[in-house]
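Asker: Just passing along the structure, written as structure tokens.
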Amino acid sequence: MQLTGPELEILKSLWQQQPLTGKEIHQRMESLYGWSYSSTRKTLERMAQKNYVSVETQGNKKIYSALLDKVPTLAAFVKDFSERVLEINGNLPVAMFSGSQLFEQDELSELEAHLNTLQQQKNN
């Protein structure tokens, strides 16, 4: 799975608070990327097709929720980035994420387990 920057930003918004309407998601995307509403809507449609988000219609509103779990998704993203960009081929120290606003303290052990699993899969 290769998340784009905007897809990751949408998921981060949903992991913080969900469900969110398309308009609520668009407000964040507009402030980050200067996007039009149609760009946000198209990205959300693609994410629904990829099974990254679910969409429910309530009246004339579309309500979105993340289908990808935060910790395993971010673990895969971090592992991929560390290997492709930083050329780190070993275990990543979870302590480097302790100051992250994305992870709660209790999620760090789950993150460590996912990163170790990914490393073991690579070694096999």
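Chain lettering (A, B, ...) mirrors the order of the structure tokens, residue numbering begins at 1 for each chain separately, and ligand numbering begins at 1 in order of display.
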For region 76-92 of chain A, list every protein, DNA or RNA residue within 7 Å, evaluated using only C-alpha atoms, and leave out those in the same chain fewer than 2 positions away; present the list as a ChimeraX atom specification.
Answerer: /A:72-74,94,115-116,119
Asker: Let's see if you can do this: from backbone DSSP, list all strand (DSSP E) residues in chain A, as a list in words.
Answerer: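 Assigned to strand (DSSP E), within chain A: Leu20, Thr21, Val53, Ser54, Val55, Glu56, Thr57, Gln58, Lys61, Lys62, Ile63, Tyr64, Ser65 and Ala66 of chain A.
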Asker: Expressed in Å to a single decimal, how great is the separation between CA of Glu9 (chain A) and CA of Leu108 (chain A)?
Answerer: 20.2 Å
Asker: Please identify which residues in chain A DSSP calls alpha helix (DSSP H) from the backbone, and express them as a PyMOL selection string.
Answerer: chain A and resi 5-16+22-33+37-49+70-84+107-123
Asker: CA of Tyr52 (chain A) to CA of Ile25 (chain A): how many Å, to one decimal?
Answerer: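 Between CA of Tyr52 (chain A) and CA of Ile25 (chain A) the gap is 14.4 Å.
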Asker: Would you kindly return, as a list in words, each protein, DNA or RNA residue with an atom no farther than 10 Å from any atom of region 54-67 of chain A, considering only C-alpha atoms and excluding same-chain residues fewer than 6 positions away?
Answerer: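 Residues meeting the cut-off are Ile10, Leu11, Lys12, Ser13, Leu14, Trp15, Gln17, Gln18, Pro19, Leu20, Thr21, Gly22, Lys23, Glu24, Ile25, Arg41, Leu44, Glu45, Met47 and Ala48 of chain A.
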Asker: Could you write those residues out with N, CA and C atoms, as a compact mmCIF listing (two decimals), in the first residue's frame?
Answerer:
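File written: result02.txt
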```
# COMPACT_ATOMS: atom_id res chain seq x y z
N ILE A 10 -5.85 12.84 5.21
CA ILE A 10 -7.26 12.52 5.41
C ILE A 10 -7.41 11.44 6.48
N LEU A 11 -6.59 10.41 6.38
CA LEU A 11 -6.66 9.34 7.39
C LEU A 11 -6.30 9.86 8.77
N LYS A 12 -5.29 10.72 8.87
CA LYS A 12 -4.92 11.28 10.16
C LYS A 12 -6.09 12.06 10.76
N SER A 13 -6.79 12.80 9.93
CA SER A 13 -7.97 13.54 10.41
C SER A 13 -9.03 12.58 10.94
N LEU A 14 -9.25 11.50 10.19
CA LEU A 14 -10.26 10.53 10.61
C LEU A 14 -9.83 9.76 11.85
N TRP A 15 -8.56 9.47 12.00
CA TRP A 15 -8.10 8.77 13.19
C TRP A 15 -8.25 9.64 14.43
N GLN A 17 -10.65 12.00 14.79
CA GLN A 17 -12.08 12.15 15.06
C GLN A 17 -12.84 11.59 13.87
N GLN A 18 -13.68 10.63 14.14
CA GLN A 18 -14.51 10.11 13.07
C GLN A 18 -15.86 9.72 13.62
N PRO A 19 -16.83 9.72 12.77
CA PRO A 19 -16.81 10.04 11.35
C PRO A 19 -16.75 11.55 11.12
N LEU A 20 -16.38 11.92 9.90
CA LEU A 20 -16.35 13.32 9.47
C LEU A 20 -17.11 13.44 8.16
N THR A 21 -17.71 14.59 7.96
CA THR A 21 -18.38 14.85 6.69
C THR A 21 -17.33 15.24 5.65
N GLY A 22 -17.71 15.15 4.40
CA GLY A 22 -16.83 15.59 3.33
C GLY A 22 -16.43 17.04 3.50
N LYS A 23 -17.35 17.87 3.95
CA LYS A 23 -17.05 19.29 4.16
C LYS A 23 -16.02 19.49 5.26
N GLU A 24 -16.13 18.73 6.34
CA GLU A 24 -15.16 18.83 7.43
C GLU A 24 -13.77 18.40 6.97
N ILE A 25 -13.71 17.35 6.19
CA ILE A 25 -12.43 16.89 5.64
C ILE A 25 -11.89 17.93 4.67
N ARG A 41 -13.26 15.85 -2.89
CA ARG A 41 -14.28 14.83 -3.18
C ARG A 41 -13.70 13.71 -4.03
N LEU A 44 -11.45 11.50 -1.93
CA LEU A 44 -12.26 10.65 -1.06
C LEU A 44 -12.90 9.51 -1.85
N GLU A 45 -13.34 9.78 -3.07
CA GLU A 45 -13.91 8.72 -3.91
C GLU A 45 -12.87 7.64 -4.20
N MET A 47 -10.21 6.98 -2.42
CA MET A 47 -9.90 6.29 -1.17
C MET A 47 -10.98 5.26 -0.83
N ALA A 48 -12.22 5.56 -1.14
CA ALA A 48 -13.31 4.60 -0.93
C ALA A 48 -13.14 3.40 -1.86
```
Asker: My list of candidates is A:Pro6, A:Gln16, A:Asp69, A:Glu112. Which is closest to Gly34 (chain A) when distances are computed with only C-alpha atoms?
Answerer: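 Nearest to Gly34 (chain A): A:Pro6.
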Asker: Figure out the distance between CA of Ser98 (chain A) and CA of His26 (chain A), please, to one decimal in Å.
Answerer: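 Straight-line distance from CA of His26 (chain A) to CA of Ser98 (chain A) works out to 29.4 Å.
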Asker: Just checking: using only C-alpha atoms, which residue out of A:Thr40, A:Gln101, A:Glu110, A:Lys50 ends up closest to Arg28 (chain A)?
Answerer: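 The shortest atom-to-atom distance to Arg28 (chain A) comes from A:Thr40.
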Asker: Which one of A:Phe97, A:Gln49, A:Glu30, A:Val71 sits closest to Ala113 (chain A) if you count only C-alpha atoms?
Answerer: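 That would be A:Val71, the residue with the smallest distance to Ala113 (chain A).
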